[in-house]
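Structure file data_3.cif; described as mmCIF, C-alpha atoms.
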data_work
#
loop_
_atom_site.group_PDB
_atom_site.id
_atom_site.type_symbol
_atom_site.label_atom_id
_atom_site.label_comp_id
_atom_site.auth_asym_id
_atom_site.auth_seq_id
_atom_site.Cartn_x
_atom_site.Cartn_y
_atom_site.Cartn_z
ATOM 1 C CA MET P 1 -39.458 -143.186 29.980
ATOM 2 C CA ASN P 2 -39.359 -140.818 32.968
ATOM 3 C CA GLU P 3 -35.637 -141.474 33.289
ATOM 4 C CA LEU P 4 -34.987 -140.181 29.788
ATOM 5 C CA GLY P 5 -37.044 -137.093 30.602
ATOM 6 C CA VAL P 6 -34.926 -136.421 33.696
ATOM 7 C CA VAL P 7 -31.685 -136.750 31.723
ATOM 8 C CA ALA P 8 -33.014 -134.612 28.846
ATOM 9 C CA ALA P 9 -34.228 -131.924 31.271
ATOM 10 C CA GLY P 10 -30.849 -131.918 33.014
ATOM 11 C CA PHE P 11 -29.085 -131.605 29.676
ATOM 12 C CA LEU P 12 -31.349 -128.704 28.711
ATOM 13 C CA ILE P 13 -30.472 -126.983 32.001
ATOM 14 C CA ALA P 14 -26.750 -127.420 31.247
ATOM 15 C CA VAL P 15 -27.190 -126.002 27.720
ATOM 16 C CA ILE P 16 -29.123 -122.984 29.016
ATOM 17 C CA ALA P 17 -26.522 -122.399 31.740
ATOM 18 C CA CYS P 18 -23.742 -122.443 29.137
ATOM 19 C CA ARG P 19 -25.624 -119.982 26.908
ATOM 20 C CA LEU P 20 -26.221 -117.606 29.834
ATOM 21 C CA VAL P 21 -22.696 -117.788 31.234
ATOM 22 C CA PHE P 22 -20.798 -117.775 27.920
ATOM 23 C CA ALA P 23 -23.220 -115.706 25.819
ATOM 24 C CA GLN P 24 -20.613 -113.303 24.413
ATOM 25 C CA GLN P 25 -17.900 -115.900 23.794
ATOM 26 C CA LYS P 26 -17.403 -118.587 21.208
ATOM 27 C CA ILE P 27 -17.805 -122.111 22.484
ATOM 28 C CA GLN P 28 -14.303 -123.052 21.297
ATOM 29 C CA ALA P 29 -12.842 -120.510 23.706
ATOM 30 C CA THR P 30 -14.879 -121.825 26.640
ATOM 31 C CA VAL P 31 -14.924 -125.560 25.949
ATOM 32 C CA GLY P 32 -13.263 -126.434 29.267
ATOM 33 C CA ALA P 33 -15.770 -124.434 31.299
ATOM 34 C CA ALA P 34 -18.696 -125.738 29.217
ATOM 35 C CA LEU P 35 -17.452 -129.278 29.762
ATOM 36 C CA LEU P 36 -17.271 -128.593 33.506
ATOM 37 C CA VAL P 37 -20.870 -127.268 33.580
ATOM 38 C CA HIS P 38 -22.083 -130.329 31.680
ATOM 39 C CA ALA P 39 -20.060 -132.697 33.875
ATOM 40 C CA ILE P 40 -21.500 -131.237 37.081
ATOM 41 C CA VAL P 41 -25.115 -131.261 35.886
ATOM 42 C CA GLY P 42 -24.665 -134.694 34.290
ATOM 43 C CA LEU P 43 -23.169 -136.096 37.488
ATOM 44 C CA ILE P 44 -26.082 -134.741 39.519
ATOM 45 C CA CYS P 45 -28.602 -136.253 37.086
ATOM 46 C CA GLY P 46 -26.723 -139.539 37.065
ATOM 47 C CA LEU P 47 -26.613 -139.696 40.866
ATOM 48 C CA VAL P 48 -30.310 -138.853 41.215
ATOM 49 C CA LEU P 49 -31.287 -141.511 38.678
ATOM 50 C CA THR P 50 -29.038 -144.231 40.038
ATOM 51 C CA MET P 51 -30.134 -143.620 43.632
ATOM 52 C CA THR P 52 -33.882 -143.402 42.943
ATOM 53 C CA ARG P 53 -34.294 -145.816 40.018
ATOM 54 C CA ARG P 54 -32.477 -148.725 38.456
ATOM 55 C CA VAL P 55 -30.495 -146.822 35.871
ATOM 56 C CA SER P 56 -26.889 -147.621 35.145
ATOM 57 C CA PRO P 57 -24.544 -144.664 35.642
ATOM 58 C CA ILE P 58 -22.699 -145.910 32.540
ATOM 59 C CA ALA P 59 -25.874 -145.555 30.461
ATOM 60 C CA VAL P 60 -26.421 -142.008 31.746
ATOM 61 C CA GLY P 61 -22.760 -141.134 31.119
ATOM 62 C CA LEU P 62 -22.783 -142.504 27.577
ATOM 63 C CA TRP P 63 -26.019 -140.693 26.739
ATOM 64 C CA TRP P 64 -24.679 -137.452 28.197
ATOM 65 C CA ALA P 65 -21.331 -137.736 26.405
ATOM 66 C CA GLY P 66 -23.054 -138.327 23.062
ATOM 67 C CA ALA P 67 -25.480 -135.453 23.610
ATOM 68 C CA PHE P 68 -22.645 -133.126 24.674
ATOM 69 C CA LEU P 69 -20.525 -133.970 21.631
ATOM 70 C CA SER P 70 -23.507 -133.469 19.319
ATOM 71 C CA TRP P 71 -24.390 -130.136 20.946
ATOM 72 C CA PHE P 72 -20.761 -128.997 20.847
ATOM 73 C CA GLY P 73 -20.382 -129.941 17.166
ATOM 74 C CA VAL P 74 -23.522 -128.072 16.163
ATOM 75 C CA GLN P 75 -22.519 -125.008 18.228
ATOM 76 C CA VAL P 76 -19.048 -124.875 16.684
ATOM 77 C CA HIS P 77 -20.476 -125.206 13.189
ATOM 78 C CA LEU P 78 -23.096 -122.503 13.711
ATOM 79 C CA GLU P 79 -20.632 -120.089 15.305
ATOM 80 C CA SER P 80 -18.035 -120.472 12.585
ATOM 81 C CA SER P 81 -20.285 -120.654 9.537
ATOM 82 C CA ILE P 82 -19.437 -117.833 7.145
ATOM 83 C CA LEU P 83 -22.348 -118.803 4.918
ATOM 84 C CA LEU P 84 -24.805 -118.616 7.805
ATOM 85 C CA TRP P 85 -23.479 -115.167 8.775
ATOM 86 C CA MET P 86 -23.856 -113.944 5.175
ATOM 87 C CA ILE P 87 -27.396 -115.285 4.880
ATOM 88 C CA GLN P 88 -28.267 -113.504 8.132
ATOM 89 C CA ALA P 89 -26.749 -110.242 6.808
ATOM 90 C CA LEU P 90 -28.645 -110.534 3.508
ATOM 91 C CA ARG P 91 -31.899 -111.208 5.341
ATOM 92 C CA ARG P 92 -31.962 -107.619 6.550
ATOM 93 C CA GLN P 93 -31.318 -105.956 3.169
ATOM 94 C CA PRO P 94 -29.784 -106.666 -0.244
ATOM 95 C CA LEU P 95 -26.020 -106.031 -0.431
ATOM 96 C CA SER P 96 -23.484 -105.988 -3.212
ATOM 97 C CA GLU P 97 -20.629 -108.491 -3.062
ATOM 98 C CA HIS P 98 -18.226 -105.724 -2.000
ATOM 99 C CA GLU P 99 -20.576 -104.484 0.765
ATOM 100 C CA LEU P 100 -21.081 -108.021 2.061
ATOM 101 C CA LEU P 101 -17.356 -108.779 2.162
ATOM 102 C CA THR P 102 -16.579 -105.416 3.777
ATOM 103 C CA ARG P 103 -19.150 -106.029 6.517
ATOM 104 C CA TYR P 104 -17.833 -109.534 7.142
ATOM 105 C CA ALA P 105 -14.235 -108.293 7.385
ATOM 106 C CA ALA P 106 -15.360 -105.632 9.885
ATOM 107 C CA TYR P 107 -17.352 -108.203 11.868
ATOM 108 C CA TYR P 108 -14.740 -110.937 11.871
ATOM 109 C CA GLY P 109 -11.458 -109.466 10.698
ATOM 110 C CA GLU P 110 -7.930 -110.286 11.802
ATOM 111 C CA ALA P 111 -8.155 -108.238 15.015
ATOM 112 C CA GLU P 112 -11.276 -110.117 16.151
ATOM 113 C CA ARG P 113 -9.735 -113.518 15.377
ATOM 114 C CA LEU P 114 -6.543 -112.622 17.266
ATOM 115 C CA GLU P 115 -8.626 -111.392 20.199
ATOM 116 C CA GLN P 116 -10.424 -114.726 20.349
ATOM 117 C CA LEU P 117 -7.128 -116.635 20.208
ATOM 118 C CA ASP P 118 -5.790 -114.416 22.989
ATOM 119 C CA HIS P 119 -8.937 -114.896 25.078
ATOM 120 C CA ALA P 120 -8.646 -118.678 24.658
ATOM 121 C CA ARG P 121 -4.999 -118.381 25.791
ATOM 122 C CA LEU P 122 -3.701 -119.883 22.549
ATOM 123 C CA ILE P 123 -1.462 -116.895 21.788
ATOM 124 C CA GLU P 124 0.328 -114.224 23.798
ATOM 125 C CA ARG P 125 1.379 -110.760 22.741
ATOM 126 C CA GLN P 126 4.809 -109.579 23.832
ATOM 127 C CA GLY P 127 6.386 -106.367 22.635
ATOM 128 C CA GLY P 128 4.421 -106.226 19.388
ATOM 129 C CA GLU P 129 5.044 -109.911 18.623
ATOM 130 C CA ILE P 130 2.501 -112.683 18.687
ATOM 131 C CA ARG P 131 3.604 -116.101 19.910
ATOM 132 C CA LEU P 132 1.843 -119.398 20.469
ATOM 133 C CA THR P 133 1.390 -120.292 24.124
ATOM 134 C CA ARG P 134 2.145 -123.767 25.422
ATOM 135 C CA ARG P 135 -1.538 -124.565 25.017
ATOM 136 C CA GLY P 136 -1.495 -123.191 21.456
ATOM 137 C CA ARG P 137 1.561 -125.323 20.600
ATOM 138 C CA ARG P 138 -0.194 -128.438 21.936
ATOM 139 C CA ILE P 139 -3.248 -127.756 19.766
ATOM 140 C CA LEU P 140 -1.008 -127.068 16.770
ATOM 141 C CA ALA P 141 0.778 -130.383 17.386
ATOM 142 C CA LEU P 142 -2.586 -132.165 17.553
ATOM 143 C CA ALA P 143 -3.776 -130.471 14.350
ATOM 144 C CA THR P 144 -0.509 -131.413 12.655
ATOM 145 C CA HIS P 145 -0.970 -135.005 13.779
ATOM 146 C CA LEU P 146 -4.566 -135.076 12.497
ATOM 147 C CA ALA P 147 -3.773 -133.377 9.160
ATOM 148 C CA PRO P 148 -4.314 -135.572 6.103
ATOM 149 C CA ARG P 149 -1.340 -137.638 4.978
ATOM 150 C CA GLY P 150 0.866 -135.562 2.701
ATOM 151 C CA TRP P 151 -0.183 -132.250 4.306
ATOM 152 C CA ARG P 152 1.630 -130.133 6.866
ATOM 153 C CA ILE P 153 0.773 -127.145 9.000
ATOM 154 C CA ASP P 154 3.437 -124.454 8.938
ATOM 155 C CA SER P 155 3.556 -121.945 11.805
ATOM 156 C CA ARG P 156 6.946 -120.413 11.112
ATOM 157 C CA GLY P 157 5.317 -117.188 9.975
ATOM 158 C CA GLY P 158 4.332 -116.062 13.487
ATOM 159 C CA SER P 159 0.553 -115.707 13.570
ATOM 160 C CA ASP P 160 0.254 -116.841 9.939
ATOM 161 C CA LEU P 161 -0.625 -120.553 9.867
ATOM 162 C CA ARG P 162 -0.700 -122.345 6.547
ATOM 163 C CA CYS P 163 -1.946 -125.815 5.746
ATOM 164 C CA GLN P 164 -0.466 -126.980 2.494
ATOM 165 C CA GLU P 165 0.196 -130.134 0.574
ATOM 166 C CA VAL P 166 3.795 -131.266 0.916
ATOM 167 C CA GLY P 167 5.667 -130.548 -2.292
ATOM 168 C CA SER P 168 3.513 -127.594 -3.361
#

Write-out of the structure in structure tokens:
Amino acid sequence: MNELGVVAAGFLIAVIACRLVFAQQKIQATVGAALLVHAIVGLICGLVLTMTRRVSPIAVGLWWAGAFLSWFGVQVHLESSILLWMIQALRRQPLSEHELLTRYAAYYGEAERLEQLDHARLIERQGGEIRLTRRGRRILALATHLAPRGWRIDSRGGSDLRCQEVGS
């Protein structure tokens, strides 16, 4: 039971470190660095447990990987939830539909989304044009591969990506 406490405490330290270091950024934009933080702390916990107790490093690694993926999934969902943002905005005061949509567009409009893509190095801006970087093209290829059968992702419109059913 103490072993689980050590791993859970280490995981909590990694989560807190990620929140402190990446507080102003979305987790999607910092996934590589967050993964590195978790890998370092997880490796330290795994080494401590395997050297001091009879705990398999594979067991620690599997637990950590599952916990990281769960944490990452929840973070991504919470950060990108429009509904959650709107509930938070309505908690402060009642708003009309127009006021709510206007505030959301100001909070997370096209400029903010492009800034996040630029920060994550998925796009580059050259002479007023926006182009996918090599990294952005790889992610687009992966998304295209994972799209449901009969769907395609079209990026020919520059920064305007469309996912549509083939034949529509």

Just want the 10 Å neighbourhood of region 60-64 of chain P, counted on only C-alpha atoms, with same-chain residues fewer than 6 positions away dropped. Output as a compact mmCIF listing (two decimals) with C-alpha atoms, in the coordinates of the input.
# COMPACT_ATOMS: atom_id res chain seq x y z
CA GLU P 3 -35.64 -141.47 33.29
CA LEU P 4 -34.99 -140.18 29.79
CA VAL P 7 -31.68 -136.75 31.72
CA ALA P 8 -33.01 -134.61 28.85
CA GLY P 10 -30.85 -131.92 33.01
CA PHE P 11 -29.08 -131.60 29.68
CA HIS P 38 -22.08 -130.33 31.68
CA ALA P 39 -20.06 -132.70 33.88
CA VAL P 41 -25.12 -131.26 35.89
CA GLY P 42 -24.66 -134.69 34.29
CA LEU P 43 -23.17 -136.10 37.49
CA CYS P 45 -28.60 -136.25 37.09
CA GLY P 46 -26.72 -139.54 37.06
CA LEU P 47 -26.61 -139.70 40.87
CA LEU P 49 -31.29 -141.51 38.68
CA THR P 50 -29.04 -144.23 40.04
CA SER P 70 -23.51 -133.47 19.32

Using Å and a single decimal, report how far CA of Leu146 (chain P) sits from CA of Leu132 (chain P).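 Computing the Euclidean distance for CA of Leu132 (chain P) and CA of Leu146 (chain P) yields 18.7 Å.
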
Å distance separating CA of Leu36 (chain P) from CA of Thr144 (chain P), one decimal place: 26.9 Å

Mind listing as a PyMOL selection string all residues within 12 Å of (-20.6, -110.5, 0.1), counting all atoms listed in the file? chain P and resi 82-90+94-105

Suppose you want the space between CA of Ala67 (chain P) and CA of Met51 (chain P); what is it in Å?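 CA of Ala67 (chain P) sits 22.1 Å away from CA of Met51 (chain P).
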
Evaluate the PyMOL selection byres ((chain P and resi 71-76) around 12) against this structure - the residues, as an mmCIF file with C-alpha atoms, in the frame of the given file, please.
data_model
loop_
_atom_site.group_PDB
_atom_site.id
_atom_site.type_symbol
_atom_site.label_atom_id
_atom_site.label_comp_id
_atom_site.auth_asym_id
_atom_site.auth_seq_id
_atom_site.Cartn_x
_atom_site.Cartn_y
_atom_site.Cartn_z
ATOM 1 C CA PHE P 11 -29.085 -131.605 29.676
ATOM 2 C CA LEU P 12 -31.349 -128.704 28.711
ATOM 3 C CA ALA P 14 -26.750 -127.420 31.247
ATOM 4 C CA VAL P 15 -27.190 -126.002 27.720
ATOM 5 C CA ILE P 16 -29.123 -122.984 29.016
ATOM 6 C CA CYS P 18 -23.742 -122.443 29.137
ATOM 7 C CA ARG P 19 -25.624 -119.982 26.908
ATOM 8 C CA GLN P 25 -17.900 -115.900 23.794
ATOM 9 C CA LYS P 26 -17.403 -118.587 21.208
ATOM 10 C CA ILE P 27 -17.805 -122.111 22.484
ATOM 11 C CA GLN P 28 -14.303 -123.052 21.297
ATOM 12 C CA ALA P 29 -12.842 -120.510 23.706
ATOM 13 C CA THR P 30 -14.879 -121.825 26.640
ATOM 14 C CA VAL P 31 -14.924 -125.560 25.949
ATOM 15 C CA GLY P 32 -13.263 -126.434 29.267
ATOM 16 C CA ALA P 34 -18.696 -125.738 29.217
ATOM 17 C CA LEU P 35 -17.452 -129.278 29.762
ATOM 18 C CA HIS P 38 -22.083 -130.329 31.680
ATOM 19 C CA TRP P 64 -24.679 -137.452 28.197
ATOM 20 C CA ALA P 65 -21.331 -137.736 26.405
ATOM 21 C CA GLY P 66 -23.054 -138.327 23.062
ATOM 22 C CA ALA P 67 -25.480 -135.453 23.610
ATOM 23 C CA PHE P 68 -22.645 -133.126 24.674
ATOM 24 C CA LEU P 69 -20.525 -133.970 21.631
ATOM 25 C CA SER P 70 -23.507 -133.469 19.319
ATOM 26 C CA HIS P 77 -20.476 -125.206 13.189
ATOM 27 C CA LEU P 78 -23.096 -122.503 13.711
ATOM 28 C CA GLU P 79 -20.632 -120.089 15.305
ATOM 29 C CA SER P 80 -18.035 -120.472 12.585
ATOM 30 C CA SER P 81 -20.285 -120.654 9.537
ATOM 31 C CA ILE P 82 -19.437 -117.833 7.145
#

I'd like the residues picked by the PyMOL selection byres ((chain P and resi 134) around 12) written out as number ranges by chain, using the chain letters and numbers from the file. P: 120-124, 131-133, 135-141

Any chance you could model N, CA and C atoms for region 38-68 of chain P and send them as a PDB file, in the frame of the given file?
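In the end it all went to out_35.pdb:
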ATOM      1  N   HIS P  38     -21.381-129.106  32.080  1.00  0.00           N
ATOM      2  CA  HIS P  38     -22.083-130.329  31.680  1.00  0.00           C
ATOM      3  C   HIS P  38     -21.727-131.502  32.592  1.00  0.00           C
ATOM      4  N   ALA P  39     -20.473-131.595  32.998  1.00  0.00           N
ATOM      5  CA  ALA P  39     -20.060-132.697  33.875  1.00  0.00           C
ATOM      6  C   ALA P  39     -20.762-132.607  35.229  1.00  0.00           C
ATOM      7  N   ILE P  40     -20.852-131.408  35.773  1.00  0.00           N
ATOM      8  CA  ILE P  40     -21.500-131.237  37.081  1.00  0.00           C
ATOM      9  C   ILE P  40     -22.988-131.575  36.995  1.00  0.00           C
ATOM     10  N   VAL P  41     -23.681-130.998  36.011  1.00  0.00           N
ATOM     11  CA  VAL P  41     -25.115-131.261  35.886  1.00  0.00           C
ATOM     12  C   VAL P  41     -25.355-132.729  35.531  1.00  0.00           C
ATOM     13  N   GLY P  42     -24.530-133.286  34.664  1.00  0.00           N
ATOM     14  CA  GLY P  42     -24.665-134.694  34.290  1.00  0.00           C
ATOM     15  C   GLY P  42     -24.436-135.616  35.471  1.00  0.00           C
ATOM     16  N   LEU P  43     -23.446-135.288  36.292  1.00  0.00           N
ATOM     17  CA  LEU P  43     -23.169-136.096  37.488  1.00  0.00           C
ATOM     18  C   LEU P  43     -24.346-136.050  38.462  1.00  0.00           C
ATOM     19  N   ILE P  44     -24.912-134.869  38.637  1.00  0.00           N
ATOM     20  CA  ILE P  44     -26.082-134.741  39.519  1.00  0.00           C
ATOM     21  C   ILE P  44     -27.244-135.571  38.977  1.00  0.00           C
ATOM     22  N   CYS P  45     -27.521-135.457  37.685  1.00  0.00           N
ATOM     23  CA  CYS P  45     -28.602-136.253  37.086  1.00  0.00           C
ATOM     24  C   CYS P  45     -28.324-137.743  37.227  1.00  0.00           C
ATOM     25  N   GLY P  46     -27.089-138.131  36.952  1.00  0.00           N
ATOM     26  CA  GLY P  46     -26.723-139.539  37.065  1.00  0.00           C
ATOM     27  C   GLY P  46     -26.894-140.063  38.476  1.00  0.00           C
ATOM     28  N   LEU P  47     -26.466-139.276  39.463  1.00  0.00           N
ATOM     29  CA  LEU P  47     -26.613-139.696  40.866  1.00  0.00           C
ATOM     30  C   LEU P  47     -28.078-139.805  41.269  1.00  0.00           C
ATOM     31  N   VAL P  48     -28.883-138.818  40.886  1.00  0.00           N
ATOM     32  CA  VAL P  48     -30.310-138.853  41.215  1.00  0.00           C
ATOM     33  C   VAL P  48     -30.963-140.087  40.602  1.00  0.00           C
ATOM     34  N   LEU P  49     -30.662-140.371  39.351  1.00  0.00           N
ATOM     35  CA  LEU P  49     -31.287-141.511  38.678  1.00  0.00           C
ATOM     36  C   LEU P  49     -30.806-142.851  39.224  1.00  0.00           C
ATOM     37  N   THR P  50     -29.534-142.945  39.531  1.00  0.00           N
ATOM     38  CA  THR P  50     -29.038-144.231  40.038  1.00  0.00           C
ATOM     39  C   THR P  50     -29.476-144.487  41.477  1.00  0.00           C
ATOM     40  N   MET P  51     -29.714-143.437  42.238  1.00  0.00           N
ATOM     41  CA  MET P  51     -30.134-143.620  43.632  1.00  0.00           C
ATOM     42  C   MET P  51     -31.644-143.854  43.742  1.00  0.00           C
ATOM     43  N   THR P  52     -32.424-143.298  42.837  1.00  0.00           N
ATOM     44  CA  THR P  52     -33.882-143.402  42.943  1.00  0.00           C
ATOM     45  C   THR P  52     -34.474-144.460  42.019  1.00  0.00           C
ATOM     46  N   ARG P  53     -33.790-144.834  40.978  1.00  0.00           N
ATOM     47  CA  ARG P  53     -34.294-145.816  40.018  1.00  0.00           C
ATOM     48  C   ARG P  53     -33.177-146.794  39.665  1.00  0.00           C
ATOM     49  N   ARG P  54     -33.492-147.771  38.908  1.00  0.00           N
ATOM     50  CA  ARG P  54     -32.477-148.725  38.456  1.00  0.00           C
ATOM     51  C   ARG P  54     -31.947-148.308  37.090  1.00  0.00           C
ATOM     52  N   VAL P  55     -31.114-147.310  37.099  1.00  0.00           N
ATOM     53  CA  VAL P  55     -30.495-146.822  35.871  1.00  0.00           C
ATOM     54  C   VAL P  55     -28.986-146.906  36.047  1.00  0.00           C
ATOM     55  N   SER P  56     -28.335-147.475  35.079  1.00  0.00           N
ATOM     56  CA  SER P  56     -26.889-147.621  35.145  1.00  0.00           C
ATOM     57  C   SER P  56     -26.214-146.259  34.970  1.00  0.00           C
ATOM     58  N   PRO P  57     -25.263-145.924  35.828  1.00  0.00           N
ATOM     59  CA  PRO P  57     -24.544-144.664  35.642  1.00  0.00           C
ATOM     60  C   PRO P  57     -23.774-144.651  34.315  1.00  0.00           C
ATOM     61  N   ILE P  58     -23.393-145.830  33.833  1.00  0.00           N
ATOM     62  CA  ILE P  58     -22.699-145.910  32.540  1.00  0.00           C
ATOM     63  C   ILE P  58     -23.642-145.492  31.410  1.00  0.00           C
ATOM     64  N   ALA P  59     -24.894-145.935  31.490  1.00  0.00           N
ATOM     65  CA  ALA P  59     -25.874-145.555  30.461  1.00  0.00           C
ATOM     66  C   ALA P  59     -26.096-144.038  30.455  1.00  0.00           C
ATOM     67  N   VAL P  60     -26.233-143.464  31.648  1.00  0.00           N
ATOM     68  CA  VAL P  60     -26.421-142.008  31.746  1.00  0.00           C
ATOM     69  C   VAL P  60     -25.181-141.283  31.205  1.00  0.00           C
ATOM     70  N   GLY P  61     -24.006-141.763  31.588  1.00  0.00           N
ATOM     71  CA  GLY P  61     -22.760-141.134  31.119  1.00  0.00           C
ATOM     72  C   GLY P  61     -22.589-141.215  29.615  1.00  0.00           C
ATOM     73  N   LEU P  62     -22.901-142.365  29.037  1.00  0.00           N
ATOM     74  CA  LEU P  62     -22.783-142.504  27.577  1.00  0.00           C
ATOM     75  C   LEU P  62     -23.781-141.605  26.853  1.00  0.00           C
ATOM     76  N   TRP P  63     -25.023-141.558  27.359  1.00  0.00           N
ATOM     77  CA  TRP P  63     -26.019-140.693  26.739  1.00  0.00           C
ATOM     78  C   TRP P  63     -25.562-139.236  26.820  1.00  0.00           C
ATOM     79  N   TRP P  64     -25.088-138.847  28.000  1.00  0.00           N
ATOM     80  CA  TRP P  64     -24.679-137.452  28.197  1.00  0.00           C
ATOM     81  C   TRP P  64     -23.481-137.097  27.319  1.00  0.00           C
ATOM     82  N   ALA P  65     -22.515-138.001  27.238  1.00  0.00           N
ATOM     83  CA  ALA P  65     -21.331-137.736  26.405  1.00  0.00           C
ATOM     84  C   ALA P  65     -21.728-137.569  24.937  1.00  0.00           C
ATOM     85  N   GLY P  66     -22.597-138.442  24.450  1.00  0.00           N
ATOM     86  CA  GLY P  66     -23.054-138.327  23.062  1.00  0.00           C
ATOM     87  C   GLY P  66     -23.829-137.043  22.818  1.00  0.00           C
ATOM     88  N   ALA P  67     -24.698-136.692  23.748  1.00  0.00           N
ATOM     89  CA  ALA P  67     -25.480-135.453  23.610  1.00  0.00           C
ATOM     90  C   ALA P  67     -24.571-134.227  23.663  1.00  0.00           C
ATOM     91  N   PHE P  68     -23.572-134.257  24.579  1.00  0.00           N
ATOM     92  CA  PHE P  68     -22.645-133.126  24.674  1.00  0.00           C
ATOM     93  C   PHE P  68     -21.844-132.962  23.382  1.00  0.00           C
TER      94      PHE P  68
END
